[in-house]
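File shown: entry.txt. Contents: compact mmCIF, C-alpha atoms.
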```txt
# COMPACT_ATOMS: atom_id res chain seq x y z
CA MET A 24 0.00 0.00 0.00
CA ALA A 25 1.30 3.47 -0.91
CA PHE A 26 2.10 5.52 2.18
CA GLU A 27 -0.51 8.17 1.21
CA TYR A 28 -3.31 5.61 1.45
CA PHE A 29 -1.82 4.16 4.64
CA ILE A 30 -1.76 7.55 6.35
CA GLY A 31 -5.21 8.44 5.02
CA SER A 32 -6.69 5.23 6.42
CA ARG A 33 -4.98 5.85 9.79
CA TYR A 34 -6.51 9.33 9.92
CA LEU A 35 -9.96 7.86 9.30
CA LYS A 36 -9.55 5.17 11.97
CA SER A 37 -7.80 7.29 14.62
CA ARG A 38 -9.81 8.61 17.52
CA GLN A 39 -10.04 12.39 17.53
CA LYS A 40 -9.49 14.52 20.63
CA THR A 41 -13.00 15.77 19.99
CA GLY A 42 -15.84 13.79 18.52
CA PHE A 43 -17.11 16.76 16.51
CA ILE A 44 -15.18 15.87 13.33
CA SER A 45 -16.25 12.24 13.60
CA PHE A 46 -19.87 13.33 14.01
CA ILE A 47 -19.70 15.47 10.84
CA THR A 48 -18.11 12.54 9.01
CA VAL A 49 -21.07 10.34 10.00
CA LEU A 50 -23.47 13.05 8.82
CA SER A 51 -21.61 13.27 5.51
CA ILE A 52 -21.89 9.52 4.97
CA ALA A 53 -25.58 9.60 5.96
CA GLY A 54 -26.27 12.48 3.59
CA VAL A 55 -24.69 10.71 0.61
CA THR A 56 -26.52 7.50 1.59
CA VAL A 57 -29.94 9.19 1.70
CA GLY A 58 -29.31 11.08 -1.53
CA VAL A 59 -28.21 8.00 -3.49
CA MET A 60 -31.02 5.88 -2.05
CA ALA A 61 -33.68 8.49 -2.92
CA LEU A 62 -32.28 8.92 -6.42
CA ILE A 63 -32.28 5.19 -7.14
CA ILE A 64 -35.85 4.68 -5.90
CA VAL A 65 -37.30 7.74 -7.65
CA ILE A 66 -35.54 7.10 -10.95
CA ALA A 67 -36.60 3.43 -10.82
CA VAL A 68 -40.23 4.51 -10.31
CA MET A 69 -39.97 7.01 -13.19
CA THR A 70 -38.44 4.34 -15.45
CA GLY A 71 -41.17 1.90 -14.42
CA ALA A 72 -43.86 4.47 -15.19
CA GLU A 73 -42.35 5.07 -18.64
CA SER A 74 -42.33 1.33 -19.38
CA TYR A 75 -45.89 1.01 -18.03
CA PHE A 76 -47.17 3.72 -20.34
CA LYS A 77 -45.31 2.25 -23.33
CA ASN A 78 -46.89 -1.16 -22.75
CA LYS A 79 -50.35 0.34 -22.32
CA ILE A 80 -50.08 2.55 -25.39
CA LEU A 81 -48.72 -0.27 -27.54
CA GLY A 82 -51.56 -2.47 -26.32
CA VAL A 83 -53.84 -0.17 -28.30
CA GLU A 84 -51.67 1.48 -30.94
CA PRO A 85 -49.49 -0.34 -33.51
CA HIS A 86 -45.77 0.35 -33.79
CA ILE A 87 -46.17 1.98 -37.21
CA VAL A 88 -49.23 3.32 -39.02
CA VAL A 89 -49.42 3.63 -42.81
CA ARG A 90 -51.92 6.12 -44.20
CA ASN A 91 -52.86 7.66 -47.51
CA TYR A 92 -53.06 11.38 -48.24
CA ASP A 93 -56.24 10.69 -50.23
CA GLY A 94 -57.90 9.25 -47.09
CA ALA A 95 -58.92 5.73 -48.08
CA ILE A 96 -56.50 2.94 -49.05
CA SER A 97 -58.42 1.01 -51.69
CA ASP A 98 -55.51 -1.27 -52.65
CA TYR A 99 -54.63 -2.29 -49.09
CA PRO A 100 -54.26 -6.02 -49.95
CA ASP A 101 -51.35 -5.16 -52.28
CA VAL A 102 -49.81 -2.88 -49.66
CA LEU A 103 -50.12 -5.63 -47.04
CA GLY A 104 -48.29 -8.01 -49.35
CA LYS A 105 -45.37 -5.57 -49.74
CA LEU A 106 -45.18 -4.88 -46.01
CA LYS A 107 -45.13 -8.54 -45.00
CA GLN A 108 -42.11 -9.14 -47.21
CA ARG A 109 -39.98 -7.11 -44.79
CA ALA A 110 -38.04 -9.24 -42.32
CA GLN A 111 -38.75 -7.07 -39.27
CA VAL A 112 -42.52 -6.88 -39.84
CA GLU A 113 -44.33 -9.37 -37.61
CA SER A 114 -47.87 -8.39 -38.64
CA ALA A 115 -49.66 -5.85 -40.80
CA VAL A 116 -53.44 -5.41 -40.53
CA PRO A 117 -55.86 -2.90 -42.08
CA PHE A 118 -58.26 -0.78 -40.06
CA VAL A 119 -60.87 1.91 -40.57
CA GLU A 120 -60.93 4.85 -38.20
CA THR A 121 -63.59 7.52 -37.93
CA GLN A 122 -65.32 9.73 -35.40
CA GLY A 123 -68.92 9.76 -34.32
CA MET A 124 -71.35 10.47 -31.53
CA LEU A 125 -72.49 7.61 -29.29
CA ARG A 126 -75.86 7.91 -27.59
CA SER A 127 -77.41 5.73 -24.93
CA GLY A 128 -80.55 5.98 -22.83
CA SER A 129 -78.70 8.03 -20.22
CA GLY A 130 -76.02 9.99 -22.02
CA MET A 131 -74.17 11.04 -25.14
CA SER A 132 -70.44 11.25 -25.90
CA GLY A 133 -68.11 11.72 -28.83
CA ALA A 134 -65.89 8.76 -29.66
CA VAL A 135 -63.18 7.54 -31.99
CA LEU A 136 -64.40 4.39 -33.74
CA ARG A 137 -61.81 1.93 -34.92
CA GLY A 138 -62.98 -0.75 -37.29
CA ILE A 139 -60.86 -3.90 -37.18
CA ALA A 140 -60.94 -7.20 -39.04
CA PRO A 141 -60.36 -10.10 -36.59
CA GLU A 142 -59.76 -12.52 -39.48
CA TYR A 143 -56.39 -10.91 -40.23
CA GLU A 144 -53.53 -12.64 -38.46
CA GLY A 145 -51.82 -10.32 -36.00
CA THR A 146 -54.91 -8.30 -35.07
CA ASP A 147 -54.22 -7.49 -31.44
CA VAL A 148 -56.51 -5.58 -29.09
CA MET A 149 -55.52 -5.68 -25.42
CA GLY A 150 -54.03 -9.15 -25.82
CA LEU A 151 -57.18 -10.79 -27.28
CA SER A 152 -56.58 -13.44 -29.92
CA GLU A 153 -58.19 -13.39 -33.37
CA SER A 154 -60.81 -15.96 -32.34
CA GLU A 155 -61.70 -14.05 -29.15
CA LEU A 156 -62.03 -10.81 -31.10
CA ALA A 157 -64.17 -12.49 -33.75
CA GLU A 158 -66.47 -13.82 -31.04
CA LYS A 159 -66.77 -10.46 -29.28
CA LEU A 160 -67.40 -8.51 -32.49
CA ALA A 161 -69.77 -11.04 -34.03
CA PRO A 162 -73.22 -9.55 -34.85
CA ALA A 163 -75.72 -10.04 -32.04
CA GLU A 164 -78.93 -11.95 -32.81
CA ILE A 165 -82.29 -10.34 -31.94
CA PRO A 166 -84.72 -13.30 -31.90
CA ASP A 167 -87.99 -11.39 -31.57
CA LYS A 168 -87.22 -9.20 -34.59
CA ASP A 169 -85.09 -11.71 -36.51
CA LEU A 170 -82.31 -9.12 -36.87
CA ARG A 171 -78.54 -9.13 -36.54
CA MET A 172 -77.16 -6.08 -34.71
CA PRO A 173 -73.47 -5.16 -35.17
CA SER A 174 -71.34 -5.26 -32.01
CA ILE A 175 -69.26 -2.56 -30.37
CA ILE A 176 -66.60 -2.66 -27.60
CA PRO A 177 -66.26 0.75 -25.88
CA GLY A 178 -63.54 1.72 -23.43
CA LYS A 179 -64.20 1.46 -19.70
CA ASN A 180 -64.53 5.20 -19.03
CA LEU A 181 -66.52 5.76 -22.22
CA ALA A 182 -68.98 3.07 -21.14
CA GLN A 183 -69.24 4.66 -17.69
CA ASN A 184 -69.93 8.09 -19.21
CA LEU A 185 -72.67 6.59 -21.36
CA GLY A 186 -74.05 4.46 -18.54
CA VAL A 187 -73.91 1.20 -20.50
CA LYS A 188 -72.61 -2.29 -19.81
CA LYS A 189 -72.28 -5.56 -21.66
CA GLY A 190 -75.56 -6.48 -23.34
CA ASP A 191 -76.89 -2.92 -23.66
CA THR A 192 -77.61 -1.01 -26.86
CA LEU A 193 -75.81 2.06 -28.22
CA TYR A 194 -76.78 4.36 -31.06
CA LEU A 195 -74.06 5.73 -33.30
CA ILE A 196 -74.77 9.09 -34.92
CA SER A 197 -72.55 9.57 -37.96
CA PRO A 198 -72.08 12.91 -39.76
CA ARG A 199 -72.25 11.03 -43.06
CA GLY A 200 -76.01 10.73 -43.43
CA MET A 201 -78.26 11.54 -46.34
CA MET A 202 -79.77 14.56 -48.04
CA THR A 203 -83.50 15.06 -47.50
CA PRO A 204 -85.91 17.80 -48.57
CA GLY A 205 -85.36 19.27 -45.10
CA GLY A 206 -81.57 19.30 -45.52
CA HIS A 207 -78.74 17.01 -44.46
CA MET A 208 -79.72 14.39 -41.90
CA PRO A 209 -77.02 12.55 -39.93
CA GLY A 210 -77.05 8.77 -40.13
CA MET A 211 -77.90 6.63 -37.11
CA LYS A 212 -77.00 3.00 -36.50
CA ARG A 213 -77.72 0.73 -33.56
CA PHE A 214 -74.96 -1.36 -31.93
CA HIS A 215 -74.92 -4.12 -29.35
CA VAL A 216 -72.39 -3.66 -26.50
CA SER A 217 -70.59 -7.02 -26.55
CA GLY A 218 -67.94 -6.09 -24.01
CA VAL A 219 -65.84 -3.32 -22.45
CA PHE A 220 -62.06 -3.03 -22.77
CA THR A 221 -59.60 -1.48 -20.33
CA SER A 222 -56.23 -0.23 -21.56
CA GLY A 223 -55.22 1.50 -18.31
CA PHE A 224 -54.74 4.74 -20.23
CA TYR A 225 -57.51 7.26 -19.66
CA GLU A 226 -57.27 8.93 -23.08
CA TYR A 227 -58.07 5.63 -24.80
CA ASP A 228 -60.55 4.28 -22.26
CA ALA A 229 -62.60 7.50 -22.42
CA SER A 230 -62.72 8.00 -26.18
CA LEU A 231 -62.10 4.78 -28.13
CA ALA A 232 -64.53 2.08 -29.24
CA TYR A 233 -63.95 -0.97 -31.46
CA ILE A 234 -66.32 -2.21 -34.16
CA ARG A 235 -65.96 -4.53 -37.11
CA MET A 236 -64.16 -3.16 -40.14
CA ASP A 237 -67.11 -3.78 -42.49
CA SER A 238 -69.42 -1.79 -40.18
CA ALA A 239 -66.98 1.14 -40.23
CA GLN A 240 -66.73 0.91 -44.03
CA GLN A 241 -70.51 1.13 -44.28
CA LEU A 242 -70.56 4.19 -42.01
CA LEU A 243 -67.94 6.00 -44.11
CA LYS A 244 -69.34 4.63 -47.41
CA ILE A 245 -65.85 3.82 -48.69
CA GLY A 246 -66.57 0.32 -49.99
CA ASP A 247 -63.85 -2.28 -49.46
CA ALA A 248 -61.13 0.17 -48.39
CA ALA A 249 -59.15 0.96 -45.26
CA THR A 250 -58.11 4.28 -43.76
CA GLY A 251 -54.86 2.91 -42.35
CA ILE A 252 -52.63 -0.13 -41.87
CA GLY A 253 -51.20 -1.00 -38.45
CA ILE A 254 -47.77 -2.64 -38.36
CA ARG A 255 -46.10 -4.46 -35.47
CA ILE A 256 -42.37 -5.12 -35.69
CA SER A 257 -39.86 -7.24 -33.79
CA ASP A 258 -37.89 -4.30 -32.33
CA MET A 259 -40.19 -1.42 -31.42
CA TYR A 260 -37.25 0.94 -30.82
CA ARG A 261 -36.34 0.76 -34.51
CA ALA A 262 -39.80 1.88 -35.55
CA ASP A 263 -38.65 5.34 -36.67
CA SER A 264 -36.03 4.11 -39.15
CA LEU A 265 -38.29 1.33 -40.43
CA ALA A 266 -41.19 3.78 -40.88
CA GLN A 267 -38.98 6.02 -43.01
CA GLY A 268 -37.94 3.03 -45.14
CA ILE A 269 -41.56 1.93 -45.62
CA SER A 270 -42.62 5.46 -46.60
CA LYS A 271 -39.80 5.63 -49.13
CA ASP A 272 -40.63 2.22 -50.63
CA LEU A 273 -44.38 2.83 -50.92
CA GLY A 274 -43.93 6.38 -52.20
CA PHE A 275 -46.53 9.09 -52.60
CA PRO A 276 -49.41 9.27 -51.62
CA TYR A 277 -48.56 6.99 -48.67
CA TRP A 278 -47.04 8.30 -45.45
CA THR A 279 -46.10 6.69 -42.15
CA MET A 280 -45.96 7.56 -38.47
CA ASP A 281 -44.32 5.53 -35.70
CA TRP A 282 -45.52 5.19 -32.10
CA MET A 283 -42.78 7.44 -30.74
CA GLU A 284 -43.82 10.26 -33.05
CA MET A 285 -47.51 9.79 -32.22
CA ASN A 286 -46.79 10.13 -28.49
CA ARG A 287 -43.77 12.44 -28.67
CA ASN A 288 -45.17 15.15 -26.36
CA PHE A 289 -46.18 12.67 -23.67
CA PHE A 290 -42.85 10.83 -23.52
CA SER A 291 -40.90 14.11 -23.77
CA ALA A 292 -42.78 15.34 -20.69
CA LEU A 293 -41.94 12.09 -18.87
CA GLU A 294 -38.26 12.39 -19.79
CA LEU A 295 -38.19 16.03 -18.67
CA GLU A 296 -39.78 15.10 -15.35
CA LYS A 297 -37.26 12.29 -14.86
CA THR A 298 -34.37 14.69 -15.54
CA ALA A 299 -35.83 17.31 -13.18
CA MET A 300 -36.16 14.74 -10.38
CA PHE A 301 -32.55 13.65 -10.94
CA VAL A 302 -31.31 17.25 -10.67
CA ILE A 303 -33.43 18.04 -7.59
CA LEU A 304 -32.45 14.92 -5.67
CA THR A 305 -28.79 15.35 -6.61
CA LEU A 306 -28.89 18.45 -4.42
CA ILE A 307 -29.11 16.11 -1.41
CA ILE A 308 -25.77 14.59 -2.40
CA LEU A 309 -24.41 18.10 -3.01
CA VAL A 310 -25.31 19.13 0.54
CA ALA A 311 -23.58 16.00 1.83
CA ALA A 312 -20.55 16.91 -0.30
CA PHE A 313 -20.32 20.26 1.51
CA ASN A 314 -20.22 18.30 4.76
CA ILE A 315 -17.37 16.22 3.35
CA ALA A 316 -15.49 19.41 2.45
CA SER A 317 -16.11 20.82 5.94
CA THR A 318 -14.89 17.60 7.54
CA LEU A 319 -11.67 17.63 5.52
CA ILE A 320 -11.02 21.33 6.17
CA MET A 321 -11.31 20.79 9.94
CA MET A 322 -9.15 17.68 9.63
CA VAL A 323 -6.49 19.70 7.82
CA MET A 324 -6.58 22.28 10.61
CA SER A 325 -6.22 19.59 13.29
CA LYS A 326 -3.43 17.78 11.39
CA THR A 327 -1.32 20.84 10.62
CA ARG A 328 1.65 19.52 12.65
CA ASP A 329 1.46 16.08 11.01
CA ILE A 330 1.35 17.60 7.53
CA ALA A 331 4.34 19.81 8.31
CA ILE A 332 6.38 16.85 9.57
CA LEU A 333 5.50 14.80 6.49
CA LYS A 334 6.58 17.61 4.17
CA ALA A 335 9.77 18.14 6.19
CA MET A 336 10.53 14.42 5.79
CA GLY A 337 10.19 14.73 2.01
CA ALA A 338 6.52 14.21 1.23
CA THR A 339 5.59 15.99 -1.97
CA THR A 340 2.69 18.35 -2.53
CA ARG A 341 1.03 15.68 -4.65
CA SER A 342 1.34 13.09 -1.85
CA ILE A 343 -0.31 15.38 0.70
CA ARG A 344 -3.10 16.11 -1.76
CA LYS A 345 -3.61 12.37 -2.32
CA ILE A 346 -4.04 11.73 1.42
CA PHE A 347 -7.03 14.03 1.76
CA VAL A 348 -8.57 13.18 -1.60
CA PHE A 349 -8.42 9.55 -0.52
CA GLU A 350 -10.16 10.35 2.77
CA GLY A 351 -12.95 12.24 1.02
CA LEU A 352 -13.45 9.49 -1.55
CA VAL A 353 -13.63 6.85 1.18
CA ILE A 354 -16.35 8.83 2.98
CA GLY A 355 -18.23 9.36 -0.32
CA GLY A 356 -17.69 5.76 -1.41
CA ILE A 357 -19.09 4.33 1.84
CA GLY A 358 -22.15 6.58 1.57
CA THR A 359 -22.64 5.73 -2.11
CA ALA A 360 -22.32 1.99 -1.50
CA ALA A 361 -24.74 2.09 1.44
CA GLY A 362 -27.21 4.23 -0.55
CA THR A 363 -27.04 1.86 -3.51
CA VAL A 364 -27.74 -1.18 -1.35
CA LEU A 365 -30.64 0.53 0.46
CA GLY A 366 -32.03 1.93 -2.80
CA LEU A 367 -32.03 -1.47 -4.51
CA ALA A 368 -33.59 -3.03 -1.40
CA GLY A 369 -36.32 -0.35 -1.46
CA CYS A 370 -36.98 -1.02 -5.14
CA PHE A 371 -37.25 -4.75 -4.45
CA LEU A 372 -39.77 -4.18 -1.66
CA LEU A 373 -41.87 -1.76 -3.70
CA LYS A 374 -41.91 -4.10 -6.69
CA HIS A 375 -42.74 -7.35 -4.92
CA TYR A 376 -44.87 -6.28 -1.97
CA GLN A 377 -46.60 -3.17 -3.43
CA PHE A 378 -47.49 -1.73 -0.03
CA VAL A 379 -47.92 1.77 -1.56
CA GLU A 380 -51.44 2.08 -2.99
CA LEU A 381 -52.61 4.98 -5.16
CA PRO A 382 -56.18 6.03 -5.97
CA GLY A 383 -57.05 4.69 -9.43
CA ASP A 384 -59.32 7.64 -10.24
CA VAL A 385 -56.41 10.08 -9.84
CA TYR A 386 -53.36 8.18 -11.12
CA TYR A 387 -52.89 5.93 -14.12
CA PHE A 388 -51.78 3.06 -11.85
CA THR A 389 -52.81 1.82 -8.41
CA THR A 390 -49.32 0.74 -7.27
CA LEU A 391 -45.91 2.23 -7.96
CA PRO A 392 -44.35 0.70 -11.08
CA VAL A 393 -40.67 -0.04 -10.41
CA GLU A 394 -38.05 -0.95 -12.99
CA VAL A 395 -34.35 -0.92 -12.11
CA ASN A 396 -32.14 0.05 -15.04
CA GLY A 397 -28.44 -0.75 -14.81
CA VAL A 398 -27.46 2.33 -16.80
CA ASP A 399 -29.42 4.60 -14.44
CA ILE A 400 -27.76 3.02 -11.40
CA ALA A 401 -24.31 3.49 -12.98
CA VAL A 402 -25.05 7.17 -13.74
CA ILE A 403 -26.27 7.81 -10.18
CA VAL A 404 -23.23 6.12 -8.60
CA ALA A 405 -20.85 7.94 -10.95
CA ALA A 406 -22.54 11.30 -10.26
CA ALA A 407 -22.30 10.77 -6.49
CA LEU A 408 -18.62 9.83 -6.65
CA VAL A 409 -17.77 12.76 -8.93
CA ILE A 410 -19.52 15.22 -6.57
CA CYS A 411 -17.67 13.74 -3.59
CA PHE A 412 -14.37 13.93 -5.47
CA LEU A 413 -14.92 17.60 -6.36
CA ALA A 414 -15.68 18.31 -2.70
CA THR A 415 -12.21 17.04 -1.74
CA LEU A 416 -10.22 19.25 -4.10
CA TYR A 417 -10.21 22.49 -2.09
CA PRO A 418 -9.30 20.93 1.31
CA ALA A 419 -6.63 18.77 -0.33
CA ARG A 420 -5.18 21.79 -2.13
CA LYS A 421 -5.16 23.77 1.12
CA ALA A 422 -3.32 20.96 2.90
CA SER A 423 -0.77 20.51 0.11
CA ARG A 424 0.13 24.23 0.12
CA LEU A 425 0.87 24.29 3.86
CA ASN A 426 4.33 25.74 4.66
CA PRO A 427 6.10 23.34 7.10
CA VAL A 428 8.30 26.15 8.50
CA GLU A 429 5.30 28.22 9.50
CA ALA A 430 3.51 25.17 10.91
CA LEU A 431 6.46 24.12 13.10
CA ARG A 432 7.63 27.60 14.14
CA TYR A 433 5.97 27.52 17.54
CA GLU A 434 6.14 23.76 18.15
```

Once more with this new file: its structure as structure tokens, please.
Amino acid sequence: MAFEYFIGSRYLKSRQKTGFISFITVLSIAGVTVGVMALIIVIAVMTGAESYFKNKILGVEPHIVVRNYDGAISDYPDVLGKLKQRAQVESAVPFVETQGMLRSGSGMSGAVLRGIAPEYEGTDVMGLSESELAEKLAPAEIPDKDLRMPSIIPGKNLAQNLGVKKGDTLYLISPRGMMTPGGHMPGMKRFHVSGVFTSGFYEYDASLAYIRMDSAQQLLKIGDAATGIGIRISDMYRADSLAQGISKDLGFPYWTMDWMEMNRNFFSALELEKTAMFVILTLIILVAAFNIASTLIMMVMSKTRDIAILKAMGATTRSIRKIFVFEGLVIGGIGTAAGTVLGLAGCFLLKHYQFVELPGDVYYFTTLPVEVNGVDIAVIVAAALVICFLATLYPARKASRLNPVEALRYE
């Protein structure tokens, strides 16, 4: 062991004439510990929330959407054939999307209607298989009138706003109606509520409803055409580059949009909040770093005679600086290690026992989502150690510039 580290470790272990410096050292370690622990837990919760929202959004939205500037895609079977030739494309399904007004016996609400075709392989709505979707969206039989009523699956909050449940009837008012002598009359169609879906994302649950693709085509009067094609790929984080390639291959009038672009504002706000929390909680470590600097300054003042003797015996300025930098890094390292262990333990408890409950009508989730990311942990540990290292520079510089003659003059 180099003599600088040997002397530094002796200084840390030696009993002071007064316990004040030791007490500040303990406070410094505790401050770094609390700061690192809080950072790890908060950033893990923020990362878990981001992953939660991604999973919920992608449970409803495809990775890439292909649309046509003209509105309807009449040749969608040919486009599907081209898309499925790409190696990264797992599924490509057509859909018809429109807006309308839903009316029940107790309320009325605007809604986004998405017409899907369960017979296409890869049609995925909240994890339901093609057969389950086909069963839910199958036309409902009305025995007394010998009629077949098309089915609809509204979101949970939309159904609550309309006051309907499974088995009830909804009326869809479409702006595309017919011209009469009295003017334009909106069209109206009756639907059977065959189920209610829950995505866990309020924007979708309060505004989206699924119907069969042929029913949506009849509402828009577009024949056998689609308004968009949803694509799911093997690596969702490469959706932007793949979307650009698809747009280039299909050419005008087709255009594409990936899931990151569709939800850019939302995820940018999450990322900004995560960064803000990192900066705010880092201030805890910064306060602890000031304690480390104070501890080292007082230690330099109490070890003036020792430093002078070391320099008189030939210790260089660099060696003296190393001694106190080593002491500060040991204090910061102990606090960082303890904070990391406690932070990971806290994340484990929050993830597996979920003893923190949140009101579902206020937050998107009822328990804290926790996801520990190795890169985040490495950044937090590195930031803590860098702050502690910077806190040692001034006291170490002050100690290294001590004049041994002046220090030993009155000894």

Which residues, written as a PyMOL selection string, have at least one atom at most 9 Å from Glu394 in chain A, with all atoms listed in the file counted and residues fewer than 5 positions away on the same chain left out? chain A and resi 66-72+74+370+374

Return as a tab-separated table the residues of range 248-269 of chain A lying at most 12 Å from range 233-244 of chain A, together with the closest atom-to-atom pair for each and the distance in Å to one decimal, counting all atoms listed in the file, with rows in chain order and ascending residue number.
```
residue	atom	partner	partner_atom	distance
A:Ala248	CA	A:Gln240	CA	7.1
A:Ala249	CA	A:Gln240	CA	7.7
A:Thr250	CA	A:Gln240	CA	9.3
A:Gly251	CA	A:Met236	CA	11.3
```

What is the CA of Val216 in chain A to CA of Pro382 in chain A distance in Å?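 Computed distance, CA of Val216 in chain A to CA of Pro382 in chain A, equals 27.9 Å.
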
Distance of CA of His215 in chain A from CA of Ser197 in chain A, expressed in Å to one decimal place: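 These atoms are spaced 16.3 Å apart.
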
Just give me the gap between CA of Ile63 in chain A and CA of Gly366 in chain A in Å, one decimal is fine. 5.4 Å

Nearest to Gly253 in chain A, chosen from A:Val323, A:Ala331, A:Ile343, A:Leu81, with only C-alpha atoms counted in the distances: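 Counting only C-alpha atoms, the residue closest to Gly253 in chain A is A:Leu81.
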
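Of the listed residues (A:Ile315, A:Val89, A:Ile252, A:Ile403), A:Val89 comes nearest to Phe275 in chain A; the distances count only C-alpha atoms.
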
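Minimum atom-to-atom distance to Ala182 in chain A, evaluated using all atoms listed in the file, belongs to A:Leu231 out of A:Val119, A:Leu231, A:Ile354, A:Ala266.
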
Between A:Met60, A:Ala405, A:Leu106, A:Val55, single out the one closest to Asn314 in chain A, counting only C-alpha atoms.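 Of the candidates, the smallest distance to Asn314 in chain A is held by A:Val55.
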
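Nearest-residue note for Ala299 in chain A: choosing from A:Ile80, A:Thr192, A:Leu62, A:Gly246, the minimum distance belongs to A:Leu62, counting only C-alpha atoms.
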
Shortest contact to Lys188 in chain A, candidates A:Val393, A:Phe224, A:Pro276, A:Ser127, atoms counted all atoms listed in the file, goes to A:Ser127

Polymer residues at most 8 Å from Trp278 in chain A, all atoms listed in the file, same-chain spacing of 5 or more positions, as a list in words: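 Counting only the stated atoms, we get Val89, Arg90, Asn91, Tyr92 and Ser270 of chain A.
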
Show which residues sit within 8 Å of Thr221 in chain A, as a PyMOL selection string. Count all atoms listed in the file, and ignore same-chain residues fewer than 3 positions away. chain A and resi 149+178-179+224+228

Long-range neighbours of Asp263 in chain A as a ChimeraX atom specification, 12 Å cut-off, only C-alpha atoms, 4 positions minimum in chain: /A:86-88,256,258-259,267-270,279-285,287
